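Have a look at data-v6.txt below; it lists compact mmCIF, C-alpha atoms.
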# COMPACT_ATOMS: atom_id res chain seq x y z
CA MET A 910 120.71 94.40 154.18
CA ASP A 911 122.27 97.06 151.92
CA MET A 912 121.04 100.33 153.41
CA ALA A 913 122.23 102.21 150.30
CA SER A 914 119.86 100.20 148.09
CA PRO A 915 116.67 101.88 146.92
CA LEU A 916 113.42 101.25 148.77
CA ILE A 917 110.85 99.30 146.78
CA LEU A 918 107.17 99.21 147.65
CA VAL A 919 105.27 96.11 146.52
CA ALA A 920 101.50 96.28 146.08
CA ASN A 921 99.27 93.26 145.51
CA PRO A 922 95.65 94.45 145.41
CA GLY A 923 92.87 91.91 145.71
CA SER A 924 89.10 92.10 145.61
CA ALA A 925 88.85 91.91 149.42
CA SER A 926 92.28 92.97 150.66
CA ARG A 927 95.38 95.03 150.01
CA LYS A 928 98.87 93.63 150.60
CA TYR A 929 101.97 95.82 150.72
CA GLY A 930 105.64 95.25 151.43
CA ILE A 931 108.77 97.37 151.74
CA PHE A 932 111.93 95.80 150.33
CA GLN A 933 115.54 96.97 150.35
CA GLY A 934 118.50 95.15 148.89
CA GLY A 935 116.39 92.06 148.30
CA SER A 936 115.25 91.87 151.94
CA GLU A 937 111.78 92.61 153.27
CA LYS A 938 111.73 95.37 155.87
CA ALA A 939 108.02 95.13 156.61
CA SER A 940 104.67 93.95 155.29
CA LEU A 941 101.22 95.46 155.64
CA HIS A 942 97.92 93.66 155.14
CA ILE A 943 94.64 95.58 155.12
CA GLU A 944 91.39 93.64 154.90
CA TYR A 945 87.80 93.50 156.07
CA ALA A 946 86.80 91.69 159.24
CA ASP A 947 83.06 91.44 158.63
CA THR A 948 82.33 95.08 157.70
CA THR A 949 85.24 96.70 159.56
CA LEU A 950 88.66 97.36 158.07
CA GLN A 951 91.65 96.03 159.98
CA ALA A 952 95.38 96.35 159.36
CA HIS A 953 98.26 94.09 160.37
CA LEU A 954 101.82 95.39 160.06
CA ARG A 955 104.66 92.91 160.42
CA VAL A 956 108.15 94.28 161.11
CA GLY A 957 111.13 92.70 162.83
CA GLY A 958 109.25 89.44 163.31
CA VAL A 959 106.49 91.17 165.28
CA THR A 960 102.93 91.72 164.03
CA HIS A 961 101.14 94.91 165.06
CA ASP A 962 97.40 95.56 164.86
CA CYS A 963 97.18 99.12 163.53
CA ASN A 964 94.54 101.82 163.78
CA LEU A 965 93.27 103.05 160.44
CA HIS A 966 92.03 106.50 159.48
CA ILE A 967 89.97 105.21 156.55
CA ASP A 968 86.62 103.49 156.11
CA LYS A 969 87.02 102.07 152.59
CA LEU A 970 89.49 99.48 151.35
CA GLU A 971 89.99 101.54 148.19
CA ASP A 972 91.64 104.28 150.30
CA SER A 973 94.35 101.96 151.69
CA ALA A 974 97.16 103.65 149.77
CA SER A 975 96.71 106.82 151.82
CA GLU A 976 97.68 104.91 154.98
CA ILE A 977 100.93 103.35 153.76
CA ALA A 978 103.39 106.18 154.40
CA ARG A 979 101.82 107.08 157.76
CA LEU A 980 101.94 103.53 159.11
CA PHE A 981 105.44 102.77 157.85
CA HIS A 982 106.74 105.99 159.44
CA GLU A 983 104.76 105.47 162.65
CA TYR A 984 106.34 102.05 163.16
CA ASN A 985 109.83 103.24 162.11
CA VAL A 986 109.96 101.20 158.93
CA LEU A 987 110.78 104.44 157.12
CA SER A 988 112.74 107.32 158.59
CA GLY A 989 111.70 110.89 157.99
CA ASN A 990 113.95 111.46 154.98
CA GLU A 991 113.54 108.10 153.27
CA THR A 992 111.50 107.88 150.07
CA ILE A 993 110.09 105.09 147.96
CA SER A 994 112.15 104.79 144.77
CA ALA A 995 110.03 102.24 142.93
CA VAL A 996 106.65 100.56 143.19
CA GLY A 997 105.90 97.10 141.82
CA LEU A 998 102.29 96.17 141.05
CA ARG A 999 101.15 92.64 140.18
CA VAL A 1000 99.32 92.50 136.87
CA VAL A 1001 96.90 89.76 135.79
CA ALA A 1002 96.01 90.43 132.16
CA PRO A 1003 95.32 88.14 129.16
CA SER A 1004 97.79 89.55 126.67
CA SER A 1005 101.07 88.66 124.99
CA PHE A 1006 102.14 92.20 125.81
CA PHE A 1007 101.81 91.54 129.53
CA LEU A 1008 103.86 88.36 129.40
CA LYS A 1009 106.66 90.79 130.30
CA ASP A 1010 107.14 93.40 133.02
CA HIS A 1011 106.81 97.06 132.04
CA ILE A 1012 107.81 100.46 133.38
CA VAL A 1013 104.46 102.23 133.67
CA THR A 1014 103.65 105.01 131.22
CA ASP A 1015 100.34 106.56 130.18
CA GLU A 1016 100.35 104.29 127.12
CA ILE A 1017 100.91 101.18 129.28
CA VAL A 1018 98.05 102.21 131.58
CA GLN A 1019 95.75 102.60 128.58
CA THR A 1020 96.78 99.20 127.21
CA LEU A 1021 95.92 97.56 130.52
CA SER A 1022 92.66 99.51 130.80
CA ASP A 1023 91.60 98.25 127.36
CA LEU A 1024 91.90 94.70 128.69
CA GLY A 1025 89.74 95.38 131.75
CA HIS A 1026 86.86 93.14 130.66
CA THR A 1027 89.12 90.07 130.35
CA ALA A 1028 90.05 89.82 134.06
CA PRO A 1029 87.47 91.93 135.90
CA LEU A 1030 88.45 90.80 139.39
CA HIS A 1031 92.04 91.93 138.91
CA ILE A 1032 92.60 94.64 136.30
CA GLY A 1033 90.17 97.16 137.79
CA ALA A 1034 91.76 96.77 141.22
CA THR A 1035 95.26 97.14 139.76
CA LEU A 1036 94.40 100.33 137.86
CA ALA A 1037 92.64 101.85 140.87
CA GLU A 1038 95.61 100.98 143.06
CA TYR A 1039 98.00 102.52 140.54
CA ASP A 1040 96.00 105.76 140.55
CA SER A 1041 96.06 105.89 144.36
CA LEU A 1042 99.72 104.97 144.77
CA SER A 1043 100.96 107.32 142.05
CA ALA A 1044 99.21 110.16 143.87
CA GLU A 1045 100.87 109.14 147.17
CA PHE A 1046 104.34 108.54 145.69
CA PRO A 1047 104.59 110.84 142.66
CA SER A 1048 108.40 110.62 142.37
CA ALA A 1049 108.57 106.80 142.33
CA ARG A 1050 109.01 104.67 139.22
CA PHE A 1051 106.15 102.23 138.76
CA VAL A 1052 106.49 98.75 137.29
CA PHE A 1053 103.65 96.47 136.20
CA VAL A 1054 104.90 92.98 137.06
CA SER A 1055 103.41 90.17 134.98
CA ASP A 1056 101.74 87.26 136.77
CA SER A 1057 101.99 85.26 133.53
CA ALA A 1058 105.69 85.71 132.70
CA PHE A 1059 106.77 82.49 134.43
CA HIS A 1060 104.60 80.52 131.99
CA ALA A 1061 106.32 82.00 128.91
CA THR A 1062 108.49 78.83 128.80
CA LYS A 1063 105.52 76.62 127.88
CA PRO A 1064 105.98 74.67 124.62
CA ASP A 1065 104.06 75.96 121.61
CA TYR A 1066 101.43 73.20 121.78
CA ALA A 1067 100.44 74.29 125.30
CA TRP A 1068 99.42 77.80 124.20
CA ASN A 1069 96.53 77.35 121.81
CA TYR A 1070 92.85 76.46 121.94
CA GLY A 1071 91.33 74.42 119.15
CA ILE A 1072 90.29 77.46 117.13
CA GLN A 1073 91.65 78.75 113.85
CA LEU A 1074 95.28 79.61 114.45
CA SER A 1075 94.99 82.77 112.36
CA ASP A 1076 92.26 84.06 114.67
CA SER A 1077 94.17 82.98 117.78
CA ASP A 1078 97.19 84.97 116.60
CA LYS A 1079 95.23 87.94 115.29
CA TYR A 1080 93.11 88.42 118.39
CA ASP A 1081 95.77 87.31 120.86
CA ILE A 1082 93.63 84.51 122.30
CA LYS A 1083 96.13 82.23 124.02
CA ARG A 1084 96.43 80.14 127.19
CA PHE A 1085 98.55 82.68 129.10
CA GLY A 1086 98.24 81.15 132.57
CA TYR A 1087 98.44 82.89 135.96
CA HIS A 1088 99.76 82.40 139.50
CA GLY A 1089 103.17 82.63 137.84
CA LEU A 1090 104.61 84.75 140.64
CA SER A 1091 103.49 82.19 143.21
CA VAL A 1092 104.93 79.21 141.31
CA GLU A 1093 108.12 81.16 140.57
CA SER A 1094 108.48 81.79 144.30
CA VAL A 1095 108.05 78.07 145.07
CA VAL A 1096 110.66 77.12 142.46
CA SER A 1097 113.10 79.72 143.80
CA GLN A 1098 112.74 78.54 147.40
CA LEU A 1099 113.09 74.85 146.58
CA ARG A 1100 116.09 75.51 144.34
CA GLN A 1101 117.82 77.45 147.11
CA ALA A 1102 117.07 74.61 149.54
CA GLY A 1103 118.48 72.03 147.12
CA LYS A 1104 115.06 70.34 146.85
CA LEU A 1105 114.04 71.21 143.29
CA ALA A 1106 113.06 68.07 141.37
CA SER A 1107 112.91 67.49 137.61
CA ARG A 1108 109.14 66.92 137.45
CA MET A 1109 107.14 68.95 139.95
CA ILE A 1110 103.45 69.71 140.28
CA VAL A 1111 102.52 72.88 142.18
CA CYS A 1112 98.98 73.19 143.56
CA HIS A 1113 98.23 76.83 144.36
CA LEU A 1114 95.02 76.63 146.37
CA GLY A 1115 93.70 79.98 147.54
CA SER A 1116 90.71 82.10 146.61
CA GLY A 1117 92.05 81.53 143.12
CA ALA A 1118 93.35 78.04 142.41
CA SER A 1119 95.58 76.45 139.80
CA VAL A 1120 97.77 73.42 139.14
CA THR A 1121 101.07 73.84 137.30
CA ALA A 1122 103.50 71.36 135.76
CA VAL A 1123 107.11 72.47 136.33
CA TYR A 1124 109.86 70.61 134.45
CA ASN A 1125 113.46 71.37 135.44
CA GLY A 1126 112.31 74.60 137.07
CA LYS A 1127 110.29 75.84 134.07
CA SER A 1128 106.56 75.92 133.41
CA ILE A 1129 105.39 73.29 130.95
CA ASP A 1130 101.64 73.83 131.37
CA THR A 1131 99.13 75.22 133.86
CA SER A 1132 95.41 74.85 134.45
CA MET A 1133 94.52 78.52 133.98
CA GLY A 1134 94.26 79.67 130.38
CA TYR A 1135 93.23 82.88 128.61
CA SER A 1136 91.75 84.22 131.83
CA PRO A 1137 92.02 83.37 135.53
CA LEU A 1138 88.57 81.76 135.24
CA GLU A 1139 89.73 78.54 133.58
CA GLY A 1140 90.83 75.39 135.36
CA VAL A 1141 89.89 74.09 138.79
CA ILE A 1142 86.86 75.28 140.77
CA MET A 1143 87.76 78.27 142.97
CA SER A 1144 86.24 80.24 145.85
CA THR A 1145 83.85 82.29 143.71
CA ARG A 1146 84.98 81.40 140.16
CA SER A 1147 83.41 78.56 138.23
CA GLY A 1148 86.59 77.12 136.78
CA SER A 1149 86.32 75.54 133.33
CA ILE A 1150 82.79 75.51 131.94
CA ASP A 1151 81.42 74.30 128.61
CA TYR A 1152 80.69 77.26 126.32
CA GLU A 1153 77.22 75.92 125.54
CA ALA A 1154 76.50 75.55 129.27
CA ALA A 1155 77.46 79.20 129.80
CA ILE A 1156 75.23 80.27 126.90
CA ALA A 1157 72.34 78.20 128.30
CA LEU A 1158 72.84 79.85 131.70
CA LYS A 1159 72.84 83.28 130.11
CA LYS A 1160 69.64 82.52 128.20
CA HIS A 1161 67.64 80.91 131.01
CA ALA A 1162 68.70 83.43 133.69
CA GLU A 1163 68.25 86.29 131.19
CA LEU A 1164 71.73 87.67 131.81
CA THR A 1165 73.62 90.27 129.83
CA ASP A 1166 77.23 89.55 128.83
CA GLY A 1167 78.45 91.57 131.80
CA GLU A 1168 76.07 89.85 134.19
CA LEU A 1169 77.18 86.42 132.97
CA GLU A 1170 80.80 87.40 133.54
CA THR A 1171 79.99 88.59 137.06
CA TYR A 1172 78.06 85.38 137.72
CA LEU A 1173 80.96 83.15 136.66
CA TYR A 1174 83.63 85.19 138.46
CA LYS A 1175 81.89 86.24 141.66
CA HIS A 1176 78.87 84.01 142.31
CA SER A 1177 80.09 80.55 141.31
CA GLY A 1178 82.73 78.09 142.50
CA LEU A 1179 82.50 77.01 146.13
CA LEU A 1180 80.14 79.89 146.82
CA GLY A 1181 77.73 78.73 144.14
CA LEU A 1182 77.97 75.06 145.01
CA GLY A 1183 78.08 75.27 148.78
CA GLY A 1184 76.68 78.66 149.71
CA THR A 1185 79.99 80.04 151.02
CA ALA A 1186 83.41 80.87 149.55
CA ASP A 1187 85.10 80.01 152.86
CA ILE A 1188 86.53 76.50 152.61
CA ARG A 1189 86.87 76.36 156.40
CA GLU A 1190 83.12 76.81 156.80
CA LEU A 1191 82.47 74.11 154.20
CA LEU A 1192 84.74 71.73 156.09
CA ARG A 1193 82.88 72.45 159.35
CA ARG A 1194 79.54 71.82 157.71
CA HIS A 1195 80.88 68.69 156.00
CA GLU A 1196 81.97 67.29 159.36
CA GLY A 1197 78.44 67.95 160.61
CA GLY A 1198 76.92 65.89 157.80
CA ASP A 1199 75.82 68.77 155.54
CA HIS A 1200 75.24 67.21 152.10
CA GLN A 1201 75.57 70.46 150.14
CA ALA A 1202 78.91 71.27 151.76
CA THR A 1203 80.17 67.74 151.11
CA LEU A 1204 79.12 67.95 147.47
CA ALA A 1205 80.85 71.32 147.04
CA LEU A 1206 84.10 70.03 148.58
CA ASN A 1207 84.07 66.80 146.60
CA THR A 1208 83.41 68.66 143.34
CA PHE A 1209 86.32 71.01 144.10
CA LEU A 1210 88.63 68.11 144.99
CA HIS A 1211 87.59 66.24 141.85
CA SER A 1212 88.56 69.24 139.72
CA VAL A 1213 91.98 69.43 141.42
CA HIS A 1214 92.56 65.70 140.96
CA LYS A 1215 91.78 65.93 137.25
CA GLN A 1216 94.29 68.74 136.78
CA ILE A 1217 96.98 66.92 138.73
CA GLY A 1218 96.41 63.94 136.45
CA ALA A 1219 96.65 66.12 133.36
CA MET A 1220 99.84 67.84 134.52
CA THR A 1221 101.41 64.51 135.45
CA THR A 1222 100.80 63.25 131.94
CA THR A 1223 102.33 66.36 130.34
CA MET A 1224 105.63 65.52 132.09
CA ASN A 1225 105.34 61.71 131.74
CA GLY A 1226 105.31 61.40 135.52
CA VAL A 1227 105.82 63.40 138.70
CA ASP A 1228 108.69 63.48 141.21
CA VAL A 1229 107.42 66.03 143.75
CA LEU A 1230 104.03 67.46 144.76
CA VAL A 1231 103.87 70.96 146.28
CA PHE A 1232 101.01 72.69 148.08
CA THR A 1233 100.92 76.49 148.35
CA GLY A 1234 98.34 79.29 148.54
CA THR A 1235 96.15 79.98 151.57
CA ALA A 1236 94.30 76.66 151.68
CA GLY A 1237 97.27 74.72 150.34
CA GLU A 1238 99.48 76.06 153.12
CA ARG A 1239 96.98 76.06 156.01
CA SER A 1240 94.48 73.25 155.48
CA ALA A 1241 95.83 69.86 156.52
CA ILE A 1242 92.49 68.20 155.74
CA ILE A 1243 92.39 69.53 152.15
CA ARG A 1244 95.94 68.31 151.56
CA LYS A 1245 95.02 64.91 153.01
CA LYS A 1246 91.93 64.57 150.83
CA ILE A 1247 93.89 65.47 147.70
CA ALA A 1248 96.80 63.15 148.47
CA ALA A 1249 94.43 60.26 149.25
CA HIS A 1250 93.68 59.87 145.52
CA LEU A 1251 97.31 60.05 144.38
CA GLN A 1252 98.71 56.85 145.82
CA HIS A 1253 98.90 55.36 142.33
CA LEU A 1254 101.56 58.04 141.68
CA ASP A 1255 103.52 56.85 144.74
CA ILE A 1256 102.45 59.93 146.66
CA HIS A 1257 101.76 59.06 150.30
CA LEU A 1258 101.08 61.70 152.94
CA ASP A 1259 102.24 61.34 156.57
CA ASP A 1260 99.36 62.39 158.84
CA GLU A 1261 101.56 63.54 161.72
CA LYS A 1262 103.84 65.62 159.49
CA ASN A 1263 100.85 67.01 157.62
CA ASN A 1264 99.30 68.28 160.83
CA MET A 1265 102.51 69.89 162.04
CA ASN A 1266 103.93 71.66 158.98
CA GLU A 1267 105.44 74.81 160.49
CA GLN A 1268 108.85 75.06 158.83
CA PRO A 1269 109.74 76.48 155.41
CA GLU A 1270 109.60 73.84 152.68
CA SER A 1271 107.90 71.44 155.11
CA LEU A 1272 108.06 67.80 154.07
CA ILE A 1273 104.74 66.09 154.78
CA SER A 1274 105.16 62.78 152.93
CA ILE A 1275 106.05 59.44 154.53
CA ALA A 1276 109.71 58.46 154.75
CA GLN A 1277 111.09 58.65 151.21
CA THR A 1278 111.67 55.35 149.44
CA ALA A 1279 111.67 54.24 145.84
CA ARG A 1280 107.88 54.14 146.08
CA SER A 1281 107.31 57.32 148.09
CA LYS A 1282 107.78 60.74 146.56
CA PRO A 1283 108.24 64.01 148.48
CA ILE A 1284 105.26 66.24 149.25
CA PHE A 1285 106.15 69.78 150.30
CA VAL A 1286 104.16 72.63 151.78
CA VAL A 1287 105.81 75.89 150.69
CA THR A 1288 104.69 79.35 151.78
CA THR A 1289 104.62 81.35 148.60
CA ASN A 1290 106.21 84.81 148.63
CA GLU A 1291 104.81 86.71 145.67
CA ALA A 1292 105.89 90.01 147.23
CA ARG A 1293 109.57 89.07 147.09
CA GLN A 1294 109.25 88.01 143.46
CA ILE A 1295 107.55 91.31 142.60
CA ALA A 1296 110.26 93.28 144.44
CA ASN A 1297 113.10 91.41 142.74
CA ARG A 1298 111.63 91.84 139.28
CA THR A 1299 110.81 95.49 139.93
CA ALA A 1300 114.44 96.09 140.91
CA THR A 1301 115.64 94.30 137.77
CA VAL A 1302 113.44 96.38 135.46
CA VAL A 1303 114.39 99.68 137.11
CA GLN A 1304 118.10 98.80 137.04
CA HIS A 1305 117.85 97.88 133.37
CA ILE A 1306 116.33 101.29 132.60
CA LYS A 1307 119.15 103.03 134.50
CA ASN A 1308 121.79 101.13 132.56
Would you mind writing the file's structure down as structure tokens?
Amino acid sequence: MDMASPLILVANPGSASRKYGIFQGGSEKASLHIEYADTTLQAHLRVGGVTHDCNLHIDKLEDSASEIARLFHEYNVLSGNETISAVGLRVVAPSSFFLKDHIVTDEIVQTLSDLGHTAPLHIGATLAEYDSLSAEFPSARFVFVSDSAFHATKPDYAWNYGIQLSDSDKYDIKRFGYHGLSVESVVSQLRQAGKLASRMIVCHLGSGASVTAVYNGKSIDTSMGYSPLEGVIMSTRSGSIDYEAAIALKKHAELTDGELETYLYKHSGLLGLGGTADIRELLRRHEGGDHQATLALNTFLHSVHKQIGAMTTTMNGVDVLVFTGTAGERSAIIRKKIAAHLQHLDIHLDDEKNNMNEQPESLISIAQTARSKPIFVVTTNEARQIANRTATVVQHIKN
């Protein structure tokens, strides 16, 4: 680690958690995760390979930024005279402007704020986090890091909906795609390990979920579109829904535009179908014979299978399947259920390997032959991608 390198703080705010990391010279010094356990806030600080459960002096998740400096100093991540030089914040925003990373200015903040209604789960949290962090670290440079930038390589025919092109261009209504930082991390890790294939499908399965086609290390298409609502069914998001079905829902439930948006983003998906957003709980109920849980899981899996099929077709085949995201990395049963319907693609999962994936870039497919393609489980590292791109933007400004 280059101790002369600037310290970079990475912030990845979510609707139910806050994730932070300190990076220096491309290496992570520590990570901090603050989240609710039932109604109580808890914090886990990982440094030097050891995870510490930390006491917090706050009661609200929104106040997490005020704890960062104290905890990092208390656990000797930062010395008394060290300061944060730059802060990188993940940005999810439907906009051609935010297909690139930006040094934060008042004008950039206003541009993002104006887009708040297009990604309500993300933009509000990002702006609130920026306000809190800029108050805590007033001398640091801030960078908004695009979650869509990785998808900028998509061919022109993968960008548009079937609406008038003049309106699509005028109003900036495009299929921007998201989870780019996650997929970029997967590509980077597999490339470094010498395992990057020509045609790769990446299934990011977390609270948000997407399927991406990666050809020679570049995004060709992805299931999310204008907003992070489109594509596969997610924890609380509906995934793709017919416009007329959404209008019918709005009419019959007597919802305003804002209420419909909240319904589709926060009260749908697995939560709406199965009564819980926790896929582990659905699996437990499914094993116990609960019909509603089984229906919710099967509907989710069906939506993933359809997207894998679509992405396979965009590349005229698939050479490697990758699972990442919380459920993708941790749920052997979800991986097994998905792979079970992909044998026609010569994708065959090894049960023993699937249940024991503990190493980076874990291979969970059966022994590779001409008719057996690799299946990897890769732990995504969005924080490292944010730190690297933040450093690149700041260095470019200096030069």
Query raised in the report: Which residues come within 9 Å of Asp1259 in chain A, counting all atoms listed in the file, excluding same-chain residues fewer than 6 positions away, as number ranges by chain?
Result: A: 1245, 1273-1276
Query - Polymer residues at most 8 Å from (106.6, 98.5, 162.4) by all atoms listed in the file, as a list in words - result: Ala939, Leu954, Arg955, Val956, Gly957, Val959, Thr960, His961, Leu980, Phe981, Glu983, Tyr984, Asn985 and Val986 of chain A
Query raised in the report: Near Ile1072 in chain A, within 10 Å and counting all atoms listed in the file, which residues show up once chain neighbours fewer than 4 positions away are dropped, as a PyMOL selection string?
Result: chain A and resi 1076-1077+1082
Query raised in the report: Quick one: distance from CA of Ser988 in chain A to CA of Gly958 in chain A in Å, one decimal?
Result: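 That distance, rounded to one decimal, is 18.8 Å.
Note that CA of Lys1104 in chain A and CA of Ile1129 in chain A are 18.8 Å apart.
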Query - Among the residues A:Ser1136, A:Thr1121, A:Gln1304, A:Ser1094, the one that comes closest to Thr1289 in chain A [using all atoms listed in the file] - result: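 Nearest to Thr1289 in chain A: A:Ser1094.
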